[in-house]
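A.B. asks: Before I ask anything, here is the structure I am working with.
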Amino acid sequence: MSNKKNDKRNQGTFKRIFIVFICTFFCATGISLLTTTAVERLTVVPLLFLVLLIVVAIGVFFDAIGVAALGADIVPFNARSSRKAPGAAVTLRLLRKADLVANICCDVVGDICGIVSGALGATLVVILGDTVTNTLLLAAVMAGLVSAFTVGGKAMMKGVAVRNADRIMEIIGVVLDFRNWGRFLTKNNRSEGDSR
């Protein structure tokens, strides 16, 4: 009996590792392609800096989703799912695999965004290096800025995610539940009409 349990656990672990591997590969490839294309086509420093901020913001945003997935209460979503509320079934599936969701959002996407933002920062240093005498100082300042935006943003959003975990996961469920968008919009319109 214990051998069967161990086999199931090993299969579950292998499946999880495989899912994380696949997600990492496709996320890293997609984000790298987008940022590389943007860097090749953009030579204006402010626009490159904007792309850098967007990549950092994506990492911060997904980190907040991962924290919310771990902190959300599954009980209300069980009730909402039984009433077939828009997005509730999707949220329920996410919360049942909260550790995997957190792993993908915080570790996979977060680490990829960290690597890409570092590469973008280095690209900015190379571009600005022609106009700045102390390139070493510029590289240090750029690394400090990227780290400060990333760590500061995550620190701020972690608190927001913990306090509003249920609401964040509810929104994510609705966004991912494409089939029920019409029902969700109709429900919102009705509630607005009732409030009037």
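Labeling convention for the structure tokens: chains A, B, ... as they appear, residues from 1 per chain, ligands from 1 in order of appearance.
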Which residues are close to Ala68 (chain A), i.e. within 10 Å by only C-alpha atoms, leaving aside same-chain residues fewer than 6 positions away? Reply as a list of chain:residue names.
C.D. replies: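 Selected residues are A:Phe62, A:Leu95, A:Ala98, A:Val101, A:Ala102, A:Met157, A:Lys158, A:Gly159, A:Val160, A:Ala161, A:Val162, A:Arg163, A:Asn164, A:Ala165, A:Asp166, A:Arg167, A:Ile168, A:Met169.
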A.B. asks: Counting only C-alpha atoms, what are the residues of region 47-139 of chain A within 8 Å of region 16-30 of chain A, and for each of them which pair of atoms is the nearest and at what distance in Å, to one decimal? Sort the table by chain and rising number, as CSV.
C.D. replies:
residue,atom,partner,partner_atom,distance
A:Leu100,CA,A:Arg16,CA,7.3
A:Asn103,CA,A:Val20,CA,7.8
A:Ile104,CA,A:Val20,CA,6.4
A:Val108,CA,A:Thr24,CA,5.6
A:Val109,CA,A:Cys27,CA,6.9
A:Ile112,CA,A:Ala28,CA,5.8
A.B. asks: With distances taken over only C-alpha atoms, which residue among A:Pro46, A:Pro76, A:Gly66, A:Gly59 lies nearest Ser147 (chain A)?
C.D. replies: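 Checking each candidate against Ser147 (chain A), we get A:Gly59 as the closest.
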A.B. asks: Looking only at the backbone, which of the residues in region 7-160 of chain A does DSSP tag as alpha helix (DSSP H), as number ranges by chain?
C.D. replies: A: 7-41, 45-71, 74-82, 88-96, 98-102, 110-128, 135-160
A.B. asks: Quick one: distance from CA of Ile65 (chain A) to CA of Gly121 (chain A) in Å, one decimal?
C.D. replies: 25.1 Å
A.B. asks: I'd like the interatomic distance between CA of Ile74 (chain A) and CA of Thr150 (chain A), to a tenth of an Å.
C.D. replies: 29.3 Å
A.B. asks: Compare A:Arg83, A:Val51, A:Lys15, A:Phe178 by their minimum atom-to-atom distance to Ala119 (chain A), counting only C-alpha atoms, and give me the closest one.
C.D. replies: A:Val51
A.B. asks: Under the rule that only C-alpha atoms are counted, which of A:Val75, A:Leu48, A:Cys106, A:Leu34 is the nearest residue to Asp63 (chain A)?
C.D. replies: A:Cys106
A.B. asks: Between A:Met142, A:Val174, A:Val116, A:Leu47, single out the one closest to Ser81 (chain A), counting only C-alpha atoms.
C.D. replies: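 Ranked by minimum distance to Ser81 (chain A), first place goes to A:Val174.
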A.B. asks: Have a look at CA of Ala139 (chain A) and CA of Cys105 (chain A) and let me know their distance in Å, one decimal.
C.D. replies: 28.3 Å
A.B. asks: Of the candidates A:Ala85, A:Leu137, A:Phe149, A:Val90, which shows the shortest atom-to-atom distance to Leu53 (chain A), using only C-alpha atoms?
C.D. replies: A:Phe149
